[in-house]
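Chemist: Right, I'll just put the structure down here and ask away after.
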Amino acid sequence: MEKFEFVETEPDELRLDYQAISWLEEAAANFGGMTSIENLLFLAKQDMAALVRVYDKKAIKLRGTFVVVFSQQEVGRVMSLFLLGGEDINEWKDELRGFLYNLAKEENIDQFFYMGRKGFVRLFPELEECARVYRLILKSDHKKLN
């Protein structure tokens, strides 16, 4: 029996969830400024991303949140996990994997990508490294793209 529920959430509803937003902000800070919550909320409004909250069914408690983005690339239809945050992720990682595989099947996805901290590979040992990202900050006064 599944212990966790994965709920796709509308952008305006997610904005009101302080805990979910704070986990996403922390994940975005670790992402090196390559995306923002506002950008991902915009993509979700365009049906190009899914915002998902994870609830512990027994404790009736929010345990995590994440964002997946859908795109068409040369390799086919791609699903990318951009931000993942929460508590005790190891407790729900197996159900997360199942949810993502089912979502990929529903969305007719050819490849799954994750870009973020390298520790995530422990959650999905079947991921293969296909690139590395390095950065050099040239200006400290970034302007947000809207």
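The chains in the structure tokens are called A, B, ... from first to last as shown; in each chain the residues are counted from 1, and the ligands are counted from 1 in the order shown.
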What's the 12 Å shell around Arg132 in chain A, counting only C-alpha atoms, without same-chain residues fewer than 4 positions away, as an mmCIF file with N, CA and C atoms, in the first residue's frame?
Modeler:
```
data_model
loop_
_atom_site.group_PDB
_atom_site.id
_atom_site.type_symbol
_atom_site.label_atom_id
_atom_site.label_comp_id
_atom_site.auth_asym_id
_atom_site.auth_seq_id
_atom_site.Cartn_x
_atom_site.Cartn_y
_atom_site.Cartn_z
ATOM 1 N N TYR A 114 17.650 14.922 -15.103
ATOM 2 C CA TYR A 114 17.707 15.612 -13.812
ATOM 3 C C TYR A 114 18.922 16.500 -13.828
ATOM 4 N N MET A 115 18.730 17.747 -13.438
ATOM 5 C CA MET A 115 19.845 18.674 -13.294
ATOM 6 C C MET A 115 19.791 19.237 -11.886
ATOM 7 N N GLY A 116 20.822 19.010 -11.135
ATOM 8 C CA GLY A 116 20.855 19.500 -9.771
ATOM 9 C C GLY A 116 22.017 18.905 -9.010
ATOM 10 N N ARG A 117 21.853 18.836 -7.724
ATOM 11 C CA ARG A 117 22.932 18.347 -6.867
ATOM 12 C C ARG A 117 23.218 16.877 -7.128
ATOM 13 N N LYS A 118 24.500 16.534 -7.061
ATOM 14 C CA LYS A 118 24.894 15.167 -7.408
ATOM 15 C C LYS A 118 24.376 14.117 -6.435
ATOM 16 N N GLU A 128 22.332 7.963 -15.802
ATOM 17 C CA GLU A 128 23.700 8.004 -16.305
ATOM 18 C C GLU A 128 24.088 9.462 -16.513
#
```
Chemist: Need the shell around Ala20 in chain A: protein/DNA/RNA residues with any atom at most 9 Å away, counting only C-alpha atoms. Skip same-chain ones fewer than 6 positions apart. Format as a PyMOL selection string?
Modeler: chain A and resi 14+53+62-66+85-86
Chemist: When you look at Asp94 in chain A with a cut-off of 10 Å (counting only C-alpha atoms), what residues show up, excluding the ones that are within fewer than 4 positions of it in the same chain? I need them as an MDAnalysis selection string.
Modeler: chainID A and resid 2 89:90 98:100 123:124
Chemist: Keeping only C-alpha atoms, write those residues as an mmCIF file, in the first residue's frame.
Modeler:
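So out_36.cif came out as:
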```
data_model
loop_
_atom_site.group_PDB
_atom_site.id
_atom_site.type_symbol
_atom_site.label_atom_id
_atom_site.label_comp_id
_atom_site.auth_asym_id
_atom_site.auth_seq_id
_atom_site.Cartn_x
_atom_site.Cartn_y
_atom_site.Cartn_z
ATOM 1 C CA GLU A 2 1.267 3.445 -0.907
ATOM 2 C CA ILE A 89 13.058 12.170 0.941
ATOM 3 C CA ASN A 90 14.571 8.715 1.387
ATOM 4 C CA GLY A 98 7.098 5.163 -9.459
ATOM 5 C CA PHE A 99 5.221 8.445 -9.824
ATOM 6 C CA LEU A 100 7.823 9.833 -12.245
ATOM 7 C CA LEU A 123 17.786 8.271 -5.282
ATOM 8 C CA PHE A 124 17.967 7.170 -8.933
#
```
Chemist: Have a look at CA of Val78 in chain A and CA of Glu25 in chain A and let me know their distance in Å, one decimal.
Modeler: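 So the answer is 23.6 Å.
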Chemist: Which one is closest to Lys45 in chain A: A:Lys93, A:Gly32, A:Thr9, A:Phe120? Count only C-alpha atoms.
Modeler: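 Of A:Lys93, A:Gly32, A:Thr9, A:Phe120, the one nearest Lys45 in chain A is A:Thr9, counting only C-alpha atoms.
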Chemist: From the list A:Lys61, A:Phe113, A:Val67, A:Ala131, which residue is nearest Leu41 in chain A when using only C-alpha atoms?
Modeler: A:Val67
Chemist: Considering only C-alpha atoms, can you say which of A:Ala28, A:Ala59, A:Val69, A:Met79 comes closest to Asp47 in chain A?
Modeler: A:Val69
Chemist: Between A:Asp110, A:Ala50, A:Phe82, A:Tyr101, which is the closest to Ala27 in chain A once you count only C-alpha atoms?
Modeler: A:Phe82
Chemist: Using DSSP secondary structure from the backbone, list all alpha helix (DSSP H) positions within range 54-145 of chain A, as a PDB file with N, CA and C atoms, in the first residue's frame.
Modeler:
```pdb
ATOM      1  N   ILE A  89      13.308  12.604   2.311  1.00  0.00           N
ATOM      2  CA  ILE A  89      13.058  12.170   0.941  1.00  0.00           C
ATOM      3  C   ILE A  89      13.340  10.677   0.765  1.00  0.00           C
ATOM      4  N   ASN A  90      14.287  10.147   1.496  1.00  0.00           N
ATOM      5  CA  ASN A  90      14.571   8.715   1.387  1.00  0.00           C
ATOM      6  C   ASN A  90      13.357   7.858   1.723  1.00  0.00           C
ATOM      7  N   GLU A  91      12.448   8.379   2.559  1.00  0.00           N
ATOM      8  CA  GLU A  91      11.252   7.622   2.924  1.00  0.00           C
ATOM      9  C   GLU A  91      10.268   7.512   1.767  1.00  0.00           C
ATOM     10  N   TRP A  92      10.274   8.482   0.861  1.00  0.00           N
ATOM     11  CA  TRP A  92       9.313   8.458  -0.242  1.00  0.00           C
ATOM     12  C   TRP A  92       9.961   8.367  -1.617  1.00  0.00           C
ATOM     13  N   LYS A  93      11.261   8.080  -1.649  1.00  0.00           N
ATOM     14  CA  LYS A  93      11.968   8.033  -2.936  1.00  0.00           C
ATOM     15  C   LYS A  93      11.446   6.931  -3.857  1.00  0.00           C
ATOM     16  N   ASP A  94      11.098   5.769  -3.312  1.00  0.00           N
ATOM     17  CA  ASP A  94      10.609   4.685  -4.168  1.00  0.00           C
ATOM     18  C   ASP A  94       9.272   5.045  -4.809  1.00  0.00           C
ATOM     19  N   GLU A  95       8.397   5.668  -4.031  1.00  0.00           N
ATOM     20  CA  GLU A  95       7.111   6.102  -4.589  1.00  0.00           C
ATOM     21  C   GLU A  95       7.310   7.273  -5.556  1.00  0.00           C
ATOM     22  N   LEU A  96       8.296   8.128  -5.284  1.00  0.00           N
ATOM     23  CA  LEU A  96       8.638   9.210  -6.210  1.00  0.00           C
ATOM     24  C   LEU A  96       9.053   8.614  -7.553  1.00  0.00           C
ATOM     25  N   ARG A  97       9.923   7.634  -7.506  1.00  0.00           N
ATOM     26  CA  ARG A  97      10.375   6.977  -8.737  1.00  0.00           C
ATOM     27  C   ARG A  97       9.177   6.414  -9.503  1.00  0.00           C
ATOM     28  N   GLY A  98       8.283   5.710  -8.808  1.00  0.00           N
ATOM     29  CA  GLY A  98       7.098   5.163  -9.459  1.00  0.00           C
ATOM     30  C   GLY A  98       6.224   6.247 -10.061  1.00  0.00           C
ATOM     31  N   PHE A  99       6.027   7.334  -9.317  1.00  0.00           N
ATOM     32  CA  PHE A  99       5.221   8.445  -9.824  1.00  0.00           C
ATOM     33  C   PHE A  99       5.836   9.014 -11.092  1.00  0.00           C
ATOM     34  N   LEU A 100       7.162   9.251 -11.077  1.00  0.00           N
ATOM     35  CA  LEU A 100       7.823   9.833 -12.245  1.00  0.00           C
ATOM     36  C   LEU A 100       7.776   8.896 -13.451  1.00  0.00           C
ATOM     37  N   TYR A 101       7.954   7.605 -13.230  1.00  0.00           N
ATOM     38  CA  TYR A 101       7.858   6.652 -14.338  1.00  0.00           C
ATOM     39  C   TYR A 101       6.444   6.642 -14.919  1.00  0.00           C
ATOM     40  N   ASN A 102       5.428   6.664 -14.059  1.00  0.00           N
ATOM     41  CA  ASN A 102       4.040   6.686 -14.543  1.00  0.00           C
ATOM     42  C   ASN A 102       3.734   7.976 -15.287  1.00  0.00           C
ATOM     43  N   LEU A 103       4.206   9.110 -14.755  1.00  0.00           N
ATOM     44  CA  LEU A 103       3.994  10.390 -15.415  1.00  0.00           C
ATOM     45  C   LEU A 103       4.676  10.398 -16.782  1.00  0.00           C
ATOM     46  N   ALA A 104       5.891   9.858 -16.852  1.00  0.00           N
ATOM     47  CA  ALA A 104       6.607   9.791 -18.130  1.00  0.00           C
ATOM     48  C   ALA A 104       5.833   8.946 -19.143  1.00  0.00           C
ATOM     49  N   LYS A 105       5.240   7.870 -18.675  1.00  0.00           N
ATOM     50  CA  LYS A 105       4.450   7.012 -19.566  1.00  0.00           C
ATOM     51  C   LYS A 105       3.208   7.761 -20.052  1.00  0.00           C
ATOM     52  N   GLU A 106       2.508   8.438 -19.133  1.00  0.00           N
ATOM     53  CA  GLU A 106       1.310   9.206 -19.494  1.00  0.00           C
ATOM     54  C   GLU A 106       1.625  10.307 -20.493  1.00  0.00           C
TER      55      GLU A 106
END
```
Chemist: Where does DSSP see strand (DSSP E) in range 19-115 of chain A, if you list the residues as a VMD selection string?
Modeler: chain A and resid 49 to 56 61 to 73 76 to 86 111 to 114
Chemist: Go through A:Asp88, A:Glu126, A:Asp56, A:Glu74 and flag the residue nearest Val7 in chain A, using only C-alpha atoms for the distances.
Modeler: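 For Val7 in chain A, the nearest of the given residues is A:Asp56.
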Chemist: Let me make sure I understand: among A:Leu83, A:Lys57, A:Leu138, A:Val121, which one has the smallest atom-to-atom distance to Met1 in chain A if we use only C-alpha atoms?
Modeler: A:Lys57
Chemist: Mind pulling up the distance from CA of Gln46 in chain A to CA of Ser71 in chain A?
Modeler: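 Answer for the CA of Ser71 in chain A to CA of Gln46 in chain A separation: 11.7 Å.
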Chemist: What separation in Å, quoted to one decimal, exists between CA of Phe42 in chain A and CA of Asn108 in chain A?
Modeler: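 So the two atoms, CA of Phe42 in chain A and CA of Asn108 in chain A, lie 22.2 Å apart.
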